[in-house]
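See structure below.
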Amino acid sequence: MTRESRGIQSIEVGGELLRALARSGEPMMLRDLAREAGMPPAKAHPYLVSFSRIGLIEQDEATGRYEIGALALELGLISLRRLSAVRIATPRIATLADGISHAVSLSVWGTHGPTVVRLEEPSHPVHIAMRVGSVVALLETATGRAFAAFMPPNAVKSALESGLDRLGVGYNPKRAPASAKTAEMLAEVRSRGLARAIGDPLPGVNAFAAPVFDHAGHVALVITAMGPEGTFDVDWDSTIAAALRGCANEISRQLGHNGGPRGAGAP
């Protein structure tokens with residue numbers, strides 16, 4: 001019989017608060033967080049103070065609500081980067097960024113939708129209002145459209161109906177996910193193998209996004225090239241588009257994708 005290693009009970013108890021916050025996916029008041037963790041607010045508060053001091057959570061001074069902190073985000077991103085797809089793609093997007101002289105990001109499907117886990121800039125600085133950890137909207141960004149066009153239909157429909165990406169860059173609460181225009185837009189993404197954004201939702205910034213597929217034909221991640229509209233050629237046959245397609249296809253091949261039928265979804 002294997003003897004169980006001794007742990008620290010107080011850490012395990014406090015961990016219930018972190019689990020409750022993770023399950024919620026939204027900032028929570030002390031009373032609600034404590035209730036979900038199964039403890040009185042007076043017991044929960046000291047744990048939250050300590051977690052705040054080390055960066056696992058943070059409290060909004062205006063609302064008093066608690067949310068995931070910088071350290072927790074960093075730990076989550078480290079875990080995501082350890083995924084084989086991200087490890088394989090990381091050096092290739094650095095090469096791509098230098099080759100096209102524009103910023104390139106890697107995004108995966110996270111708790112709140114498309115989430116940037118890596119950002120590479122070319123040798124010369126390019127100012128882009130994006131950072132690691134950013135969540136982007138599904139229908140309003142090139143990255144989001146690349147996910148929406150190739151993910152299973154039910155998953156996309158559920159995400160849009162629930163407003164999963166409501167905290168994402170570019171999110172539009174007046175979106176019409178079931179419209180003919182949306183269906184046509186995503187059909188074009190599937191046809192071209194690329195999603196495109198021209199000065200929207202980030203004014204003055206253009207972007208192309210390409211999906212990367214795993215051995216089963218599922219979207220493993222999305223690679224997005226972005227840059228200032230004055231120097232970023234948005235022609236579907238531009239050198240930027242060709243380089244991005246080539247990079248995404250090469251990573252897909254390394255993940256075992258044979259170029260056969262791919263999963264495609266539309267709301």
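Letters A, B, ... go to the chains of the structure tokens in the order shown; residues in each chain start at 1; ligands are counted from 1 in the same order.
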Which polymer residues have any atom within 6 Å of an atom of stretch 223-225 of chain A, counting only C-alpha atoms, with same-chain residues fewer than 5 positions away left out, as a PyMOL selection string?
-> chain A and resi 103-106+207-210
Atoms to include: N, CA and C atoms. Write the selected residues as a compact mmCIF listing (two decimals), in the first residue's frame.
```
# COMPACT_ATOMS: atom_id res chain seq x y z
N ALA A 103 4.04 41.96 -37.07
CA ALA A 103 3.82 41.18 -35.85
C ALA A 103 3.01 39.92 -36.17
N VAL A 104 3.29 38.86 -35.43
CA VAL A 104 2.58 37.59 -35.61
C VAL A 104 2.23 37.03 -34.23
N SER A 105 1.00 36.56 -34.08
CA SER A 105 0.57 36.00 -32.80
C SER A 105 0.10 34.57 -32.95
N LEU A 106 0.16 33.83 -31.83
CA LEU A 106 -0.43 32.51 -31.73
C LEU A 106 -1.60 32.61 -30.76
N ALA A 207 -5.11 42.68 -40.69
CA ALA A 207 -4.67 41.36 -40.21
C ALA A 207 -5.17 40.24 -41.11
N PHE A 208 -4.37 39.19 -41.17
CA PHE A 208 -4.75 37.91 -41.75
C PHE A 208 -4.60 36.87 -40.64
N ALA A 209 -5.48 35.87 -40.62
CA ALA A 209 -5.37 34.78 -39.64
C ALA A 209 -5.57 33.45 -40.34
N ALA A 210 -4.75 32.47 -39.97
CA ALA A 210 -4.83 31.14 -40.58
C ALA A 210 -4.92 30.07 -39.50
```
Extract, using only C-alpha atoms, all DNA, RNA and protein residues at most 10 Å from A:Ser50, discarding same-chain residues fewer than 6 positions from it, and format them as a list in words.
-> Gly14, Leu56 and Ile57 of chain A
Within stretch 15-245 of chain A, find each residue whose DSSP state, derived from the backbone, is helix (DSSP H, G or I), and express the selection as a ChimeraX atom specification.
-> /A:15-24,30-37,41-53,70-81,84-100,142-150,153-162,180-192,239-245
Emit the selected residues as a short mmCIF file (atom, residue, chain, number, x, y, z; two decimals), in the first residue's frame, including C-alpha atoms.
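Contents of out.cif, freshly written:
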```cif
data_model
loop_
_atom_site.label_atom_id
_atom_site.label_comp_id
_atom_site.auth_asym_id
_atom_site.auth_seq_id
_atom_site.Cartn_x
_atom_site.Cartn_y
_atom_site.Cartn_z
CA GLY A 15 -7.68 26.12 -3.27
CA GLU A 16 -11.45 25.70 -3.28
CA LEU A 17 -11.74 29.47 -3.67
CA LEU A 18 -9.49 29.38 -6.74
CA ARG A 19 -11.49 26.52 -8.22
CA ALA A 20 -14.74 28.40 -7.64
CA LEU A 21 -13.34 31.50 -9.33
CA ALA A 22 -12.10 29.42 -12.27
CA ARG A 23 -15.50 27.73 -12.66
CA SER A 24 -17.26 31.08 -12.70
CA LEU A 30 -16.69 37.82 -1.61
CA ARG A 31 -20.03 36.41 -0.46
CA ASP A 32 -20.67 34.63 -3.76
CA LEU A 33 -17.14 33.28 -4.00
CA ALA A 34 -17.25 31.99 -0.44
CA ARG A 35 -20.62 30.35 -1.02
CA GLU A 36 -19.40 28.57 -4.14
CA ALA A 37 -16.33 27.34 -2.23
CA PRO A 41 -17.09 34.82 4.03
CA ALA A 42 -15.13 35.45 7.24
CA LYS A 43 -13.13 32.29 6.64
CA ALA A 44 -12.63 33.00 2.93
CA HIS A 45 -11.36 36.56 3.34
CA PRO A 46 -7.90 35.81 4.84
CA TYR A 47 -7.23 33.35 2.03
CA LEU A 48 -8.17 35.98 -0.54
CA VAL A 49 -5.86 38.52 1.08
CA SER A 50 -2.93 36.09 0.87
CA PHE A 51 -3.77 35.06 -2.69
CA SER A 52 -3.91 38.74 -3.64
CA ARG A 53 -0.47 39.41 -2.14
CA ALA A 70 -1.37 38.10 -12.95
CA LEU A 71 0.46 35.11 -11.47
CA ALA A 72 -2.45 32.76 -12.19
CA LEU A 73 -2.59 34.01 -15.78
CA GLU A 74 1.16 33.53 -16.15
CA LEU A 75 0.95 29.97 -14.84
CA GLY A 76 -1.91 29.23 -17.22
CA LEU A 77 -0.02 30.63 -20.18
CA ILE A 78 3.06 28.59 -19.28
CA SER A 79 0.87 25.48 -19.32
CA LEU A 80 -0.58 26.42 -22.70
CA ARG A 81 2.87 27.04 -24.15
CA SER A 84 3.08 20.50 -28.52
CA ALA A 85 1.31 22.68 -31.10
CA VAL A 86 2.46 25.88 -29.43
CA ARG A 87 6.00 24.56 -28.93
CA ILE A 88 6.26 23.63 -32.59
CA ALA A 89 4.73 26.88 -33.80
CA THR A 90 6.69 29.31 -31.62
CA PRO A 91 10.02 29.34 -33.51
CA ARG A 92 8.20 29.38 -36.84
CA ILE A 93 6.19 32.49 -36.09
CA ALA A 94 9.39 34.27 -35.07
CA THR A 95 10.81 33.48 -38.51
CA LEU A 96 7.54 34.52 -40.14
CA ALA A 97 7.48 37.84 -38.27
CA ASP A 98 10.97 38.71 -39.51
CA GLY A 99 10.17 37.51 -43.02
CA ILE A 100 7.06 39.65 -43.48
CA ALA A 142 -9.53 37.84 -38.03
CA THR A 143 -8.32 35.48 -35.30
CA GLY A 144 -11.84 34.85 -34.03
CA ARG A 145 -13.22 34.26 -37.52
CA ALA A 146 -10.53 31.68 -38.23
CA PHE A 147 -11.70 29.76 -35.15
CA ALA A 148 -15.40 30.25 -35.89
CA ALA A 149 -15.09 29.09 -39.50
CA PHE A 150 -13.39 25.79 -38.72
CA PRO A 153 -20.85 24.10 -35.55
CA ASN A 154 -22.37 23.27 -32.16
CA ALA A 155 -19.35 24.62 -30.28
CA VAL A 156 -19.43 27.87 -32.24
CA LYS A 157 -23.19 28.25 -31.83
CA SER A 158 -22.97 27.68 -28.08
CA ALA A 159 -20.08 30.14 -27.69
CA LEU A 160 -21.89 32.87 -29.61
CA GLU A 161 -25.24 32.38 -27.89
CA SER A 162 -23.65 32.47 -24.43
CA ALA A 180 -26.84 35.52 -43.79
CA LYS A 181 -23.96 38.04 -43.79
CA THR A 182 -22.17 36.17 -41.00
CA ALA A 183 -22.66 32.82 -42.75
CA GLU A 184 -21.29 34.29 -45.98
CA MET A 185 -18.28 35.77 -44.19
CA LEU A 186 -17.35 32.46 -42.55
CA ALA A 187 -17.90 30.58 -45.80
CA GLU A 188 -15.35 32.86 -47.44
CA VAL A 189 -12.88 32.13 -44.63
CA ARG A 190 -13.29 28.40 -45.24
CA SER A 191 -12.97 28.85 -48.99
CA ARG A 192 -9.77 30.89 -48.79
CA THR A 239 3.20 37.87 -50.06
CA ILE A 240 1.97 38.22 -46.47
CA ALA A 241 -1.04 35.98 -47.13
CA ALA A 242 1.12 33.40 -48.94
CA ALA A 243 3.74 33.33 -46.18
CA LEU A 244 1.08 32.93 -43.49
CA ARG A 245 -0.66 30.10 -45.36
#
```
Smallest atom-to-atom distance to A:Asp60: which of A:Gly168, A:Pro173, A:Pro27, A:Pro40, using only C-alpha atoms?
->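 When distances to A:Asp60 are compared using only C-alpha atoms, the smallest one comes from A:Pro27.
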Report the residues of stretch 207-252 of chain A whose backbone DSSP state falls under strand (DSSP E or B), written as a list in words.
->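 Strand (DSSP E or B) members of stretch 207-252 of chain A, listed: Ala207, Phe208, Ala209, Ala210, Pro211, Val212, Phe213, Val219, Ala220, Leu221, Val222, Ile223, Thr224, Ala225, Met226, Gly227 and Pro228 of chain A.
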Write to file, as a tab-separated table (two decimals), in the first residue's frame, the residues of the selection just made, with all heavy atoms.
```tsv
chain	number	residue	atom	x	y	z
A	207	ALA	N	-5.11	42.68	-40.69
A	207	ALA	CA	-4.67	41.36	-40.21
A	207	ALA	C	-5.17	40.24	-41.11
A	207	ALA	O	-6.22	40.34	-41.75
A	207	ALA	CB	-5.18	41.12	-38.79
A	208	PHE	N	-4.37	39.19	-41.17
A	208	PHE	CA	-4.75	37.91	-41.75
A	208	PHE	C	-4.60	36.87	-40.64
A	208	PHE	O	-3.69	36.96	-39.82
A	208	PHE	CB	-3.83	37.50	-42.89
A	208	PHE	CG	-4.15	38.11	-44.23
A	208	PHE	CD1	-3.21	38.87	-44.90
A	208	PHE	CD2	-5.38	37.89	-44.83
A	208	PHE	CE1	-3.49	39.43	-46.14
A	208	PHE	CE2	-5.68	38.44	-46.08
A	208	PHE	CZ	-4.72	39.21	-46.73
A	209	ALA	N	-5.48	35.87	-40.62
A	209	ALA	CA	-5.37	34.78	-39.64
A	209	ALA	C	-5.57	33.45	-40.34
A	209	ALA	O	-6.45	33.31	-41.20
A	209	ALA	CB	-6.40	34.96	-38.52
A	210	ALA	N	-4.75	32.47	-39.97
A	210	ALA	CA	-4.83	31.14	-40.58
A	210	ALA	C	-4.92	30.07	-39.50
A	210	ALA	O	-4.18	30.13	-38.51
A	210	ALA	CB	-3.61	30.89	-41.46
A	211	PRO	N	-5.80	29.09	-39.66
A	211	PRO	CA	-5.91	28.01	-38.68
A	211	PRO	C	-4.81	26.97	-38.86
A	211	PRO	O	-4.32	26.74	-39.97
A	211	PRO	CB	-7.29	27.39	-39.00
A	211	PRO	CG	-7.44	27.61	-40.48
A	211	PRO	CD	-6.79	28.95	-40.77
A	212	VAL	N	-4.43	26.35	-37.76
A	212	VAL	CA	-3.49	25.22	-37.77
A	212	VAL	C	-4.28	24.02	-37.29
A	212	VAL	O	-4.97	24.08	-36.26
A	212	VAL	CB	-2.29	25.48	-36.85
A	212	VAL	CG1	-1.48	24.21	-36.64
A	212	VAL	CG2	-1.41	26.57	-37.44
A	213	PHE	N	-4.18	22.89	-38.01
A	213	PHE	CA	-4.96	21.71	-37.69
A	213	PHE	C	-4.09	20.58	-37.14
A	213	PHE	O	-2.93	20.43	-37.54
A	213	PHE	CB	-5.69	21.20	-38.94
A	213	PHE	CG	-6.63	22.21	-39.53
A	213	PHE	CD1	-6.22	23.02	-40.57
A	213	PHE	CD2	-7.92	22.36	-39.04
A	213	PHE	CE1	-7.08	23.97	-41.12
A	213	PHE	CE2	-8.78	23.29	-39.57
A	213	PHE	CZ	-8.37	24.11	-40.61
A	219	VAL	N	-8.98	22.30	-35.10
A	219	VAL	CA	-8.18	23.51	-34.98
A	219	VAL	C	-7.36	23.46	-33.70
A	219	VAL	O	-7.91	23.43	-32.60
A	219	VAL	CB	-9.06	24.78	-34.98
A	219	VAL	CG1	-8.20	26.03	-34.86
A	219	VAL	CG2	-9.90	24.86	-36.24
A	220	ALA	N	-6.04	23.45	-33.85
A	220	ALA	CA	-5.15	23.40	-32.68
A	220	ALA	C	-4.83	24.81	-32.20
A	220	ALA	O	-4.72	25.06	-31.00
A	220	ALA	CB	-3.87	22.66	-33.03
A	221	LEU	N	-4.66	25.71	-33.14
A	221	LEU	CA	-4.39	27.11	-32.83
A	221	LEU	C	-4.57	27.93	-34.09
A	221	LEU	O	-4.80	27.40	-35.17
A	221	LEU	CB	-2.97	27.28	-32.26
A	221	LEU	CG	-1.79	26.66	-33.01
A	221	LEU	CD1	-1.31	27.58	-34.13
A	221	LEU	CD2	-0.63	26.40	-32.05
A	222	VAL	N	-4.49	29.24	-33.92
A	222	VAL	CA	-4.60	30.16	-35.06
A	222	VAL	C	-3.40	31.09	-35.06
A	222	VAL	O	-3.01	31.61	-34.02
A	222	VAL	CB	-5.91	30.98	-34.98
A	222	VAL	CG1	-5.88	32.16	-35.97
A	222	VAL	CG2	-7.11	30.08	-35.28
A	223	ILE	N	-2.80	31.27	-36.24
A	223	ILE	CA	-1.68	32.20	-36.41
A	223	ILE	C	-2.21	33.46	-37.07
A	223	ILE	O	-2.92	33.39	-38.08
A	223	ILE	CB	-0.59	31.60	-37.30
A	223	ILE	CG1	-0.12	30.25	-36.75
A	223	ILE	CG2	0.59	32.55	-37.42
A	223	ILE	CD1	0.88	29.55	-37.65
A	224	THR	N	-1.89	34.60	-36.50
A	224	THR	CA	-2.38	35.88	-37.03
A	224	THR	C	-1.22	36.81	-37.32
A	224	THR	O	-0.36	37.04	-36.45
A	224	THR	CB	-3.34	36.56	-36.03
A	224	THR	OG1	-4.42	35.66	-35.73
A	224	THR	CG2	-3.91	37.84	-36.62
A	225	ALA	N	-1.19	37.33	-38.54
A	225	ALA	CA	-0.22	38.35	-38.92
A	225	ALA	C	-0.94	39.69	-38.93
A	225	ALA	O	-2.07	39.78	-39.43
A	225	ALA	CB	0.35	38.05	-40.31
A	226	MET	N	-0.33	40.72	-38.36
A	226	MET	CA	-1.02	42.02	-38.26
A	226	MET	C	-0.01	43.15	-38.39
A	226	MET	O	1.16	43.00	-38.03
A	226	MET	CB	-1.79	42.11	-36.94
A	226	MET	CG	-0.92	42.04	-35.69
A	226	MET	SD	-1.85	41.54	-34.22
A	226	MET	CE	-1.20	39.86	-34.03
A	227	GLY	N	-0.51	44.27	-38.92
A	227	GLY	CA	0.38	45.41	-39.07
A	227	GLY	C	-0.36	46.65	-39.50
A	227	GLY	O	-1.57	46.61	-39.80
A	228	PRO	N	0.32	47.79	-39.55
A	228	PRO	CA	-0.31	49.07	-39.93
A	228	PRO	C	-0.85	49.02	-41.35
A	228	PRO	O	-0.24	48.43	-42.25
A	228	PRO	CB	0.85	50.07	-39.82
A	228	PRO	CG	1.86	49.39	-38.95
A	228	PRO	CD	1.74	47.93	-39.23
```
For A:Gly38, which residue among A:Val13, A:Ala62, A:Ile68, A:Ile8 is the nearest when counting only C-alpha atoms?
->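 Residue with the minimum atom-to-atom distance to A:Gly38: A:Val13.
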Using only C-alpha atoms, determine which residues lie at most 9 Å from A:Tyr171, disregarding the query and same-chain residues fewer than 6 positions distant; provide the list as a list of chain:residue names.
-> A:Val136, A:Ala137, A:Leu138, A:Leu139, A:Glu140, A:Thr141, A:Asp165, A:Pro201
Just write the chosen residues, all heavy atoms, as a PDB file, in the first residue's frame.
```
ATOM      1  N   VAL A 136      -9.812  37.746 -27.862  1.00  0.00           N
ATOM      2  CA  VAL A 136     -10.362  38.476 -28.995  1.00  0.00           C
ATOM      3  C   VAL A 136     -11.739  37.935 -29.350  1.00  0.00           C
ATOM      4  O   VAL A 136     -12.049  36.765 -29.095  1.00  0.00           O
ATOM      5  CB  VAL A 136      -9.429  38.406 -30.227  1.00  0.00           C
ATOM      6  CG1 VAL A 136      -8.070  39.002 -29.912  1.00  0.00           C
ATOM      7  CG2 VAL A 136      -9.272  36.973 -30.719  1.00  0.00           C
ATOM      8  N   ALA A 137     -12.574  38.784 -29.917  1.00  0.00           N
ATOM      9  CA  ALA A 137     -13.945  38.417 -30.240  1.00  0.00           C
ATOM     10  C   ALA A 137     -14.011  37.451 -31.425  1.00  0.00           C
ATOM     11  O   ALA A 137     -13.185  37.489 -32.330  1.00  0.00           O
ATOM     12  CB  ALA A 137     -14.751  39.681 -30.539  1.00  0.00           C
ATOM     13  N   LEU A 138     -15.021  36.602 -31.414  1.00  0.00           N
ATOM     14  CA  LEU A 138     -15.145  35.544 -32.415  1.00  0.00           C
ATOM     15  C   LEU A 138     -15.476  36.047 -33.814  1.00  0.00           C
ATOM     16  O   LEU A 138     -14.883  35.597 -34.794  1.00  0.00           O
ATOM     17  CB  LEU A 138     -16.226  34.553 -31.980  1.00  0.00           C
ATOM     18  CG  LEU A 138     -15.755  33.280 -31.283  1.00  0.00           C
ATOM     19  CD1 LEU A 138     -16.945  32.496 -30.771  1.00  0.00           C
ATOM     20  CD2 LEU A 138     -14.948  32.429 -32.234  1.00  0.00           C
ATOM     21  N   LEU A 139     -16.438  36.936 -33.933  1.00  0.00           N
ATOM     22  CA  LEU A 139     -16.879  37.361 -35.257  1.00  0.00           C
ATOM     23  C   LEU A 139     -16.266  38.679 -35.707  1.00  0.00           C
ATOM     24  O   LEU A 139     -16.311  39.005 -36.894  1.00  0.00           O
ATOM     25  CB  LEU A 139     -18.410  37.502 -35.284  1.00  0.00           C
ATOM     26  CG  LEU A 139     -19.208  36.222 -35.051  1.00  0.00           C
ATOM     27  CD1 LEU A 139     -20.695  36.510 -35.161  1.00  0.00           C
ATOM     28  CD2 LEU A 139     -18.802  35.129 -36.036  1.00  0.00           C
ATOM     29  N   GLU A 140     -15.684  39.414 -34.791  1.00  0.00           N
ATOM     30  CA  GLU A 140     -15.215  40.759 -35.113  1.00  0.00           C
ATOM     31  C   GLU A 140     -13.727  40.856 -35.394  1.00  0.00           C
ATOM     32  O   GLU A 140     -13.227  41.925 -35.712  1.00  0.00           O
ATOM     33  CB  GLU A 140     -15.583  41.718 -33.968  1.00  0.00           C
ATOM     34  CG  GLU A 140     -17.087  41.938 -33.798  1.00  0.00           C
ATOM     35  CD  GLU A 140     -17.798  40.799 -33.070  1.00  0.00           C
ATOM     36  OE1 GLU A 140     -17.110  39.958 -32.446  1.00  0.00           O
ATOM     37  OE2 GLU A 140     -19.035  40.746 -33.129  1.00  0.00           O
ATOM     38  N   THR A 141     -12.988  39.776 -35.253  1.00  0.00           N
ATOM     39  CA  THR A 141     -11.537  39.805 -35.482  1.00  0.00           C
ATOM     40  C   THR A 141     -11.144  38.691 -36.451  1.00  0.00           C
ATOM     41  O   THR A 141     -11.845  37.684 -36.573  1.00  0.00           O
ATOM     42  CB  THR A 141     -10.760  39.608 -34.172  1.00  0.00           C
ATOM     43  OG1 THR A 141     -11.038  38.302 -33.643  1.00  0.00           O
ATOM     44  CG2 THR A 141     -11.143  40.674 -33.145  1.00  0.00           C
ATOM     45  N   ASP A 165     -17.234  35.203 -25.484  1.00  0.00           N
ATOM     46  CA  ASP A 165     -16.129  36.126 -25.773  1.00  0.00           C
ATOM     47  C   ASP A 165     -16.466  37.579 -25.495  1.00  0.00           C
ATOM     48  O   ASP A 165     -15.847  38.480 -26.055  1.00  0.00           O
ATOM     49  CB  ASP A 165     -15.695  35.965 -27.229  1.00  0.00           C
ATOM     50  CG  ASP A 165     -16.846  36.256 -28.200  1.00  0.00           C
ATOM     51  OD1 ASP A 165     -18.026  36.129 -27.794  1.00  0.00           O
ATOM     52  OD2 ASP A 165     -16.577  36.590 -29.361  1.00  0.00           O
ATOM     53  N   PRO A 201     -11.375  45.317 -35.828  1.00  0.00           N
ATOM     54  CA  PRO A 201     -11.839  46.300 -34.844  1.00  0.00           C
ATOM     55  C   PRO A 201     -10.756  47.283 -34.373  1.00  0.00           C
ATOM     56  O   PRO A 201     -11.061  48.211 -33.627  1.00  0.00           O
ATOM     57  CB  PRO A 201     -12.278  45.426 -33.674  1.00  0.00           C
ATOM     58  CG  PRO A 201     -11.341  44.268 -33.734  1.00  0.00           C
ATOM     59  CD  PRO A 201     -11.102  44.012 -35.198  1.00  0.00           C
TER      60      PRO A 201
END
```
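You can rank A:Leu194, A:Met130, A:Leu202, A:Ile11 by their closest distance to A:Gly246 using only C-alpha atoms, and at the top of that list sits A:Leu194.
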Shortest interatomic distance to A:Gly259 - which of A:Gly193, A:Arg118, A:Gly230, A:Glu12, counting only C-alpha atoms =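 That would be A:Gly193, the residue with the smallest distance to A:Gly259.
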